[in-house]
Every structure is written in structure tokens, then in C-alpha cells.
Amino acid sequence: MLFDPYLFAPPGSLLPTILAGVFGLLIGSFLNVVIHRLPKMMQRESDNYVAHESGKPLPHTDRYNLMVPRSCCPHCGHQITALENIPVISYLVLRGKCRGCKAPISARYPIVELLTGTLSAFLVWRFGSGVAGLATLLFAYLLIAMTFIDADTQLLPDDLTLPLLWCGLLINLNGVFVPLNEAVIGAAAGYLVLWAVYWLFKLATGKEGMGYGDFKLLGALGAWLGWKMLPSIILLSSLVGAVVGISLIAFARHGRNNPIPFGPYLAAAGVIALLYGKPLAEAYLGFPV
């Protein structure tokens with residue numbers, strides 16, 4: 001039999017959902033590498049560029065990318081073996097400690113893996129394992145990586161935001177989620193809305209209220225979900241951001257002058273809009289979308 005019926009299974013199919021969950025755990029392990037290394041790769045590239053332009057020796061000449069060198073403990077240098085890199089299971093077996101020096105391993109690693117696996121399973125259960133379902137996985141994986149990078153560094157790398165934007169436009173060439181014209185308008189409007197907010201805030205206060213990566217991320221969400229979803233995304237991200245920000249100031253002694261990254265809230269709002277955005281959009285537009 002040449003055609004596998006589970007390759008493009010409809011929503012609600014059990015086996016593709018389970019396989020997507022397992023696959024998501026593996027991807028989550030890789031996303032941990034992306035989250036940790038991509039900002040370092042950007043910094044190393046910047047350092048080398050500045051040194052080159054200044055005629056100084058390059059500070060970073062060793063290979064450092066998503067594949068090389070092998071992952072190791074930052075405390076003792078113990079290289080992580082394949083058995084120590086099984087998503088979630090290895091963390092539990094090692095009891096959250098390095099096998100070499102017993103230093104604690106951040107709980108973020110299994111959290112990212114579980115989040116990615118759970119979301120993968122839910123998306124395939126909701127959208128099936130066809131083009132739409134597989135596209136939502138790519139959508140989620142890029143947003144997860146951006147969420148944690150922005151939380152750590154307050155950066156949204158072009159290496160992630162721009163591929164997300166272009167993939168959204170390409171996916172919607174055949175109207176997988178929205179017609180192409182709505183996707184193009186969504187990409188442009190998403191970028192310009194936050195760009196305008198940025199400059200209005202800067203002109204009024206003399207300060208920068210957000211980064212250019214936020215413009216690109218909202219533009220990318222508009223490319224995937226169309227311009228009609230943008231008000232829902234902005235409202236949801238603002239509400240979540242306000243609640244989290246007030247909570248951090250009230251309970252975590254987070255200074256009011258300390259910047260809070262907006263990317264994670266945009267990403268969360270994007271996922272909510274993907275899943276439940278249509279009824280939200282119909283509610284405020286007043287007509288079917």
C-alpha cells in the first residue's frame with residue numbers, strides 16, 4: 001500500500017496525535033539548543049564584525065553553531081551523552097543534576113520539551129496531519145523559540161521572525177488559513193501598527209517602548225492569520241502583558257523601570273488567535289470571517 005492513511009489524517013485522529021506529541025518532545029530538545037545558542041551566535045558574529053572593522057584580531061575563531069560543539073555541562077564541561085539527552089526522561093533519571101559534577105540542571109529544559117510536545121499533539125489533534133496541521137507545528141516551534149529568547153535577552157532575532165513572516169505568506173498562497181490578500185495586508189498592518197506606537201511613544205516620552213523585533217513578530221502573525229485577527233492579537237497580548245507585568249512588580253519586586261519583553265505575550269496571543277481567533281474576530285467585526 002503506497003498511501004499511508006495516517007500521513008494526512010483528519011483532525012481528532014489518535015495515532016497522528018500521539019506521534020506528534022513524541023515528535024514534539026524531540027523538537028523541544030532541539031529548541032532548547034536554539035534558545036541557548038542563537039543569541040550567543042549573534043553576539044559572537046557582532047563581536048567579530050566590530051573587530052574586523054577595527055582591524056583587530058577576531059575574538060571568536062572556533063566553530064560555534066547549533067550543531068557544534070556538543071552540548072556539555074556549563075559547570076564542569078561534562079559532555080552530554082545520547083542517553084542523557086532523552087527529552088524529560090533523562091532529566092527525571094538524573095534527578096535534575098549533572099551526572100559529572102551534580103550541579104543542578106535548569107528545569108526550563110524539560111518545561112520547553114513538555115510544552116512543545118503537548119502543543120504539538122494538540123495542534124495535530126485540532127488541525128489534522130495535513131498541510132494545515134504541519135504548518136501549525138512550524139508556527140508553534142518558531143514562537144516557542146522566540147518566546148524564551150526574548151524572555152532571556154529581550155531580543156527577537158531576524159533569523160526567526162523573518163522566516164515566520166515569509167512562511168506565513170507562502171502557506172497562504174493557496175489560502176490555507178486566510179486568503180493571500182488578507183495575509184499580505186496583515187503582514188504590512190501588523191508591522192506598521194507597532195511601528196506607529198513605537199514612534200508615538202518615543203516622541204511623547206523620549207524613550208523606546210519596544211524593539212523592532214516586536215514589529216516584525218506582529219507582522220509575521222498577520223501574515224499567518226490575516227489582518228482581521230490583529231485587533232484580537234493586540235488586545236490579548238496587552239491584557240496578558242499587563243497582568244504579568246503588574247504581578248512581577250507587585251510580587252517579584254520587579255522594578256518599574258526594568259523592561260519587560262513583549263514578544264512572549266505576542267506569541268501567546270498568536271497561538272490563542274490561531275485556535276480561537278475566528279469567533280473573537282467575528283465578535284468585534286460583527287460579521288462572519
# chains A, B, ... in the order shown; residues from 1 in each chain; ligands from 1

$ closest_atom_pairs --of "stretch 107-138 of chain A" --to "stretch 20-24 of chain A" --cutoff "6 Å" --atoms "only C-alpha atoms" --output "tab-separated table"
residue	atom	partner	partner_atom	distance
A:Thr116	CA	A:Gly24	CA	5.2
A:Gly117	CA	A:Gly24	CA	3.9
A:Thr118	CA	A:Gly21	CA	5.9
A:Ser120	CA	A:Gly24	CA	5.4
A:Ala121	CA	A:Gly21	CA	4.4

$ closest_atom_pairs --of "stretch 203-233 of chain A" --to "stretch 181-192 of chain A" --cutoff "7 Å" --atoms "only C-alpha atoms" --output "tab-separated table"
residue	atom	partner	partner_atom	distance
A:Phe215	CA	A:Tyr191	CA	4.5
A:Lys216	CA	A:Tyr191	CA	5.7
A:Leu218	CA	A:Gly190	CA	4.9
A:Gly219	CA	A:Gly190	CA	4.1
A:Ala220	CA	A:Ala187	CA	5.8
A:Gly222	CA	A:Gly186	CA	3.9
A:Ala223	CA	A:Ala183	CA	4.3
A:Trp224	CA	A:Ala183	CA	6.2
A:Leu225	CA	A:Ala183	CA	6.6
A:Gly226	CA	A:Ala183	CA	4.4
A:Trp227	CA	A:Gly186	CA	3.8
A:Leu230	CA	A:Gly190	CA	6.7

$ write_last_selection --atoms "N, CA, C and O atoms" --output "mmCIF file, in the first residue's frame"
data_model
loop_
_atom_site.group_PDB
_atom_site.id
_atom_site.type_symbol
_atom_site.label_atom_id
_atom_site.label_comp_id
_atom_site.auth_asym_id
_atom_site.auth_seq_id
_atom_site.Cartn_x
_atom_site.Cartn_y
_atom_site.Cartn_z
ATOM 1 N N PHE A 215 7.734 44.558 16.079
ATOM 2 C CA PHE A 215 7.023 44.923 14.843
ATOM 3 C C PHE A 215 7.000 43.733 13.888
ATOM 4 O O PHE A 215 5.971 43.411 13.284
ATOM 5 N N LYS A 216 8.171 43.127 13.736
ATOM 6 C CA LYS A 216 8.307 42.012 12.784
ATOM 7 C C LYS A 216 7.484 40.811 13.220
ATOM 8 O O LYS A 216 6.889 40.111 12.384
ATOM 9 N N LEU A 218 4.657 40.819 15.042
ATOM 10 C CA LEU A 218 3.238 41.057 14.777
ATOM 11 C C LEU A 218 2.955 41.021 13.278
ATOM 12 O O LEU A 218 1.907 40.531 12.849
ATOM 13 N N GLY A 219 3.896 41.510 12.469
ATOM 14 C CA GLY A 219 3.740 41.389 11.027
ATOM 15 C C GLY A 219 3.682 39.930 10.585
ATOM 16 O O GLY A 219 2.889 39.563 9.716
ATOM 17 N N ALA A 220 4.514 39.094 11.204
ATOM 18 C CA ALA A 220 4.508 37.669 10.878
ATOM 19 C C ALA A 220 3.190 37.015 11.275
ATOM 20 O O ALA A 220 2.633 36.187 10.540
ATOM 21 N N GLY A 222 0.354 38.513 11.428
ATOM 22 C CA GLY A 222 -0.608 38.978 10.442
ATOM 23 C C GLY A 222 -0.508 38.216 9.139
ATOM 24 O O GLY A 222 -1.519 37.960 8.473
ATOM 25 N N ALA A 223 0.725 37.815 8.764
ATOM 26 C CA ALA A 223 0.908 37.042 7.534
ATOM 27 C C ALA A 223 0.273 35.659 7.649
ATOM 28 O O ALA A 223 -0.228 35.116 6.664
ATOM 29 N N TRP A 224 0.284 35.086 8.825
ATOM 30 C CA TRP A 224 -0.303 33.757 9.038
ATOM 31 C C TRP A 224 -1.820 33.821 9.204
ATOM 32 O O TRP A 224 -2.538 32.996 8.651
ATOM 33 N N LEU A 225 -2.291 34.785 9.964
ATOM 34 C CA LEU A 225 -3.688 34.782 10.394
ATOM 35 C C LEU A 225 -4.544 35.870 9.745
ATOM 36 O O LEU A 225 -5.765 35.863 9.931
ATOM 37 N N GLY A 226 -3.924 36.789 9.008
ATOM 38 C CA GLY A 226 -4.689 37.820 8.324
ATOM 39 C C GLY A 226 -4.928 39.057 9.172
ATOM 40 O O GLY A 226 -4.803 39.032 10.399
ATOM 41 N N TRP A 227 -5.288 40.147 8.496
ATOM 42 C CA TRP A 227 -5.436 41.428 9.191
ATOM 43 C C TRP A 227 -6.603 41.438 10.174
ATOM 44 O O TRP A 227 -6.586 42.181 11.152
ATOM 45 N N LEU A 230 -5.637 40.817 13.822
ATOM 46 C CA LEU A 230 -4.697 41.706 14.508
ATOM 47 C C LEU A 230 -5.284 42.389 15.743
ATOM 48 O O LEU A 230 -4.617 42.450 16.783
#

$ atom_distance --atom1 "atom CA of A:His78" --atom2 "atom CA of A:Thr147"
28.1 Å

$ residues_around --residues "stretch 60-66 of chain A" --least-positions-apart "3" --cutoff "9 Å" --atoms "only C-alpha atoms" --output "number ranges by chain"
A: 30, 33-34, 37-38, 40-41, 44-45, 47-48, 57, 69

$ select_by_dssp --residues "stretch 140-270 of chain A" --states "helix (DSSP H, G or I)" --output "ChimeraX atom specification"
/A:140-153,158-174,180-205,212-225,227-251,263-270

$ write_last_selection --atoms "C-alpha atoms" --output "short mmCIF file (atom, residue, chain, number, x, y, z; two decimals), in the first residue's frame"
data_model
loop_
_atom_site.label_atom_id
_atom_site.label_comp_id
_atom_site.auth_asym_id
_atom_site.auth_seq_id
_atom_site.Cartn_x
_atom_site.Cartn_y
_atom_site.Cartn_z
CA ALA A 140 4.36 26.94 17.18
CA TYR A 141 8.02 25.89 17.17
CA LEU A 142 9.24 29.28 15.97
CA LEU A 143 7.06 31.07 18.51
CA ILE A 144 8.30 28.89 21.38
CA ALA A 145 11.92 29.61 20.49
CA MET A 146 11.24 33.35 20.22
CA THR A 147 9.33 33.41 23.49
CA PHE A 148 12.20 32.09 25.58
CA ILE A 149 14.91 34.00 23.71
CA ASP A 150 13.04 37.26 24.22
CA ALA A 151 12.45 36.44 27.89
CA ASP A 152 16.20 35.89 28.34
CA THR A 153 17.71 38.59 26.16
CA ASP A 158 15.59 38.19 12.48
CA ASP A 159 16.68 34.59 11.94
CA LEU A 160 13.32 33.58 13.45
CA THR A 161 10.91 36.47 12.85
CA LEU A 162 11.58 36.82 9.12
CA PRO A 163 11.27 33.09 8.28
CA LEU A 164 8.00 33.08 10.26
CA LEU A 165 6.71 36.00 8.18
CA TRP A 166 7.71 34.56 4.81
CA CYS A 167 6.40 31.09 5.70
CA GLY A 168 3.07 32.65 6.63
CA LEU A 169 2.79 34.31 3.22
CA LEU A 170 3.83 31.14 1.39
CA ILE A 171 1.42 28.97 3.37
CA ASN A 172 -1.41 31.30 2.46
CA LEU A 173 -0.65 31.30 -1.28
CA ASN A 174 -3.48 28.77 -1.50
CA LEU A 180 -3.42 35.73 0.33
CA ASN A 181 -4.60 39.33 0.11
CA GLU A 182 -5.60 39.26 3.80
CA ALA A 183 -2.21 37.74 4.67
CA VAL A 184 -0.29 40.45 2.81
CA ILE A 185 -2.35 43.23 4.37
CA GLY A 186 -1.96 41.52 7.76
CA ALA A 187 1.83 41.44 7.41
CA ALA A 188 2.03 45.11 6.47
CA ALA A 189 -0.55 46.30 9.00
CA GLY A 190 0.92 44.23 11.83
CA TYR A 191 4.33 45.81 11.33
CA LEU A 192 3.05 49.35 10.83
CA VAL A 193 0.73 49.34 13.85
CA LEU A 194 3.51 48.71 16.36
CA TRP A 195 5.91 50.88 14.38
CA ALA A 196 3.48 53.78 14.81
CA VAL A 197 3.02 53.03 18.53
CA TYR A 198 6.80 52.92 18.95
CA TRP A 199 7.32 56.36 17.41
CA LEU A 200 4.37 57.97 19.15
CA PHE A 201 5.66 56.72 22.49
CA LYS A 202 9.21 57.84 21.70
CA LEU A 203 8.09 61.30 20.60
CA ALA A 204 5.96 61.67 23.74
CA THR A 205 8.45 60.33 26.29
CA TYR A 212 11.87 46.40 16.18
CA GLY A 213 11.57 42.64 16.64
CA ASP A 214 8.09 43.17 18.07
CA PHE A 215 7.02 44.92 14.84
CA LYS A 216 8.31 42.01 12.78
CA LEU A 217 6.66 39.42 15.01
CA LEU A 218 3.24 41.06 14.78
CA GLY A 219 3.74 41.39 11.03
CA ALA A 220 4.51 37.67 10.88
CA LEU A 221 1.37 36.84 12.87
CA GLY A 222 -0.61 38.98 10.44
CA ALA A 223 0.91 37.04 7.53
CA TRP A 224 -0.30 33.76 9.04
CA LEU A 225 -3.69 34.78 10.39
CA TRP A 227 -5.44 41.43 9.19
CA LYS A 228 -8.78 40.62 10.81
CA MET A 229 -7.02 38.82 13.67
CA LEU A 230 -4.70 41.71 14.51
CA PRO A 231 -7.05 43.52 16.93
CA SER A 232 -7.60 40.28 18.84
CA ILE A 233 -3.86 39.58 18.99
CA ILE A 234 -3.04 43.11 20.18
CA LEU A 235 -5.79 43.06 22.79
CA LEU A 236 -4.90 39.60 24.11
CA SER A 237 -1.16 40.32 24.25
CA SER A 238 -1.76 43.64 26.00
CA LEU A 239 -4.04 42.09 28.61
CA VAL A 240 -1.68 39.22 29.33
CA GLY A 241 1.30 41.57 29.39
CA ALA A 242 -0.44 43.95 31.78
CA VAL A 243 -1.42 41.16 34.18
CA VAL A 244 2.05 39.59 34.16
CA GLY A 245 3.80 42.96 34.43
CA ILE A 246 1.71 44.10 37.39
CA SER A 247 2.23 40.72 39.06
CA LEU A 248 6.00 40.96 38.61
CA ILE A 249 6.07 44.44 40.11
CA ALA A 250 3.78 43.51 43.00
CA PHE A 251 5.07 40.06 43.93
CA GLY A 263 7.39 39.10 22.45
CA PRO A 264 6.19 36.27 24.72
CA TYR A 265 2.77 37.90 25.04
CA LEU A 266 2.50 38.42 21.29
CA ALA A 267 3.45 34.78 20.78
CA ALA A 268 0.87 33.54 23.28
CA ALA A 269 -1.79 35.75 21.72
CA GLY A 270 -0.85 34.40 18.29
#

$ select_by_dssp --residues "stretch 51-226 of chain A" --states "strand (DSSP E or B)" --output "ChimeraX atom specification"
/A:72,79,97,104

$ residues_around --residues "A:Arg108" --least-positions-apart "5" --cutoff "12 Å" --atoms "only C-alpha atoms" --output "ChimeraX atom specification"
/A:28-29,31-33,35-36,87-88,91,96,113-116,148,152

$ closest_residue --among "A:Arg99, A:Gly209, A:Gln43, A:Ala273" --to "A:Gln79" --atoms "only C-alpha atoms"
A:Arg99

$ decode --residues "stretch 49-60 of chain A" --atoms "all heavy atoms" --output "CSV table (one decimal), in the first residue's frame"
chain,number,residue,atom,x,y,z
A,49,TYR,N,32.5,41.1,13.8
A,49,TYR,CA,32.3,42.2,12.8
A,49,TYR,C,33.0,43.5,13.3
A,49,TYR,O,33.7,44.2,12.6
A,49,TYR,CB,30.9,42.4,12.6
A,49,TYR,CG,30.6,43.6,11.7
A,49,TYR,CD1,30.7,43.5,10.3
A,49,TYR,CD2,30.2,44.8,12.2
A,49,TYR,CE1,30.5,44.6,9.4
A,49,TYR,CE2,30.0,45.9,11.4
A,49,TYR,CZ,30.1,45.8,10.0
A,49,TYR,OH,29.9,46.9,9.2
A,50,VAL,N,32.8,43.8,14.6
A,50,VAL,CA,33.4,45.0,15.2
A,50,VAL,C,34.9,44.9,15.1
A,50,VAL,O,35.6,45.9,14.8
A,50,VAL,CB,32.9,45.2,16.6
A,50,VAL,CG1,33.7,46.4,17.3
A,50,VAL,CG2,31.4,45.5,16.6
A,51,ALA,N,35.4,43.7,15.5
A,51,ALA,CA,36.9,43.6,15.5
A,51,ALA,C,37.4,43.7,14.1
A,51,ALA,O,38.5,44.3,13.8
A,51,ALA,CB,37.2,42.2,16.1
A,52,HIS,N,36.7,43.1,13.1
A,52,HIS,CA,37.2,43.1,11.7
A,52,HIS,C,37.2,44.6,11.2
A,52,HIS,O,38.2,45.0,10.6
A,52,HIS,CB,36.3,42.3,10.8
A,52,HIS,CG,36.6,42.4,9.4
A,52,HIS,ND1,37.7,41.8,8.8
A,52,HIS,CD2,36.0,43.0,8.4
A,52,HIS,CE1,37.7,42.0,7.5
A,52,HIS,NE2,36.7,42.8,7.2
A,53,GLU,N,36.2,45.3,11.5
A,53,GLU,CA,36.1,46.7,11.0
A,53,GLU,C,37.2,47.6,11.7
A,53,GLU,O,37.6,48.6,11.2
A,53,GLU,CB,34.7,47.3,11.3
A,53,GLU,CG,33.6,46.7,10.5
A,53,GLU,CD,33.8,47.0,9.0
A,53,GLU,OE1,34.0,48.1,8.6
A,53,GLU,OE2,33.8,46.0,8.2
A,54,SER,N,37.6,47.2,12.9
A,54,SER,CA,38.6,48.0,13.7
A,54,SER,C,40.0,47.5,13.4
A,54,SER,O,41.0,48.1,13.9
A,54,SER,CB,38.3,47.8,15.2
A,54,SER,OG,37.0,48.3,15.5
A,55,GLY,N,40.1,46.5,12.5
A,55,GLY,CA,41.4,45.9,12.2
A,55,GLY,C,42.1,45.1,13.3
A,55,GLY,O,43.3,45.0,13.4
A,56,LYS,N,41.3,44.7,14.3
A,56,LYS,CA,41.8,43.9,15.4
A,56,LYS,C,41.6,42.4,15.1
A,56,LYS,O,40.8,42.0,14.3
A,56,LYS,CB,41.0,44.3,16.7
A,56,LYS,CG,41.2,45.7,17.1
A,56,LYS,CD,40.4,46.0,18.3
A,56,LYS,CE,40.6,47.5,18.7
A,56,LYS,NZ,39.8,47.8,19.9
A,57,PRO,N,42.3,41.5,15.8
A,57,PRO,CA,42.1,40.1,15.7
A,57,PRO,C,40.7,39.7,16.1
A,57,PRO,O,40.1,40.2,17.0
A,57,PRO,CB,43.2,39.5,16.6
A,57,PRO,CG,44.2,40.5,16.9
A,57,PRO,CD,43.4,41.8,16.8
A,58,LEU,N,40.2,38.7,15.4
A,58,LEU,CA,38.8,38.2,15.6
A,58,LEU,C,38.8,37.6,17.0
A,58,LEU,O,39.6,36.7,17.3
A,58,LEU,CB,38.3,37.3,14.6
A,58,LEU,CG,38.3,37.8,13.1
A,58,LEU,CD1,37.7,36.8,12.2
A,58,LEU,CD2,37.4,39.1,13.1
A,59,PRO,N,37.9,37.9,17.9
A,59,PRO,CA,37.8,37.3,19.2
A,59,PRO,C,37.3,35.9,19.2
A,59,PRO,O,37.5,35.1,20.1
A,59,PRO,CB,36.9,38.2,20.0
A,59,PRO,CG,36.0,38.9,19.0
A,59,PRO,CD,36.9,39.0,17.7
A,60,HIS,N,36.5,35.5,18.2
A,60,HIS,CA,35.9,34.2,18.1
A,60,HIS,C,36.3,33.5,16.8
A,60,HIS,O,35.8,33.9,15.7
A,60,HIS,CB,34.4,34.3,18.3
A,60,HIS,CG,33.9,35.1,19.4
A,60,HIS,ND1,34.1,34.6,20.7
A,60,HIS,CD2,33.3,36.3,19.5
A,60,HIS,CE1,33.6,35.6,21.5
A,60,HIS,NE2,33.1,36.6,20.8
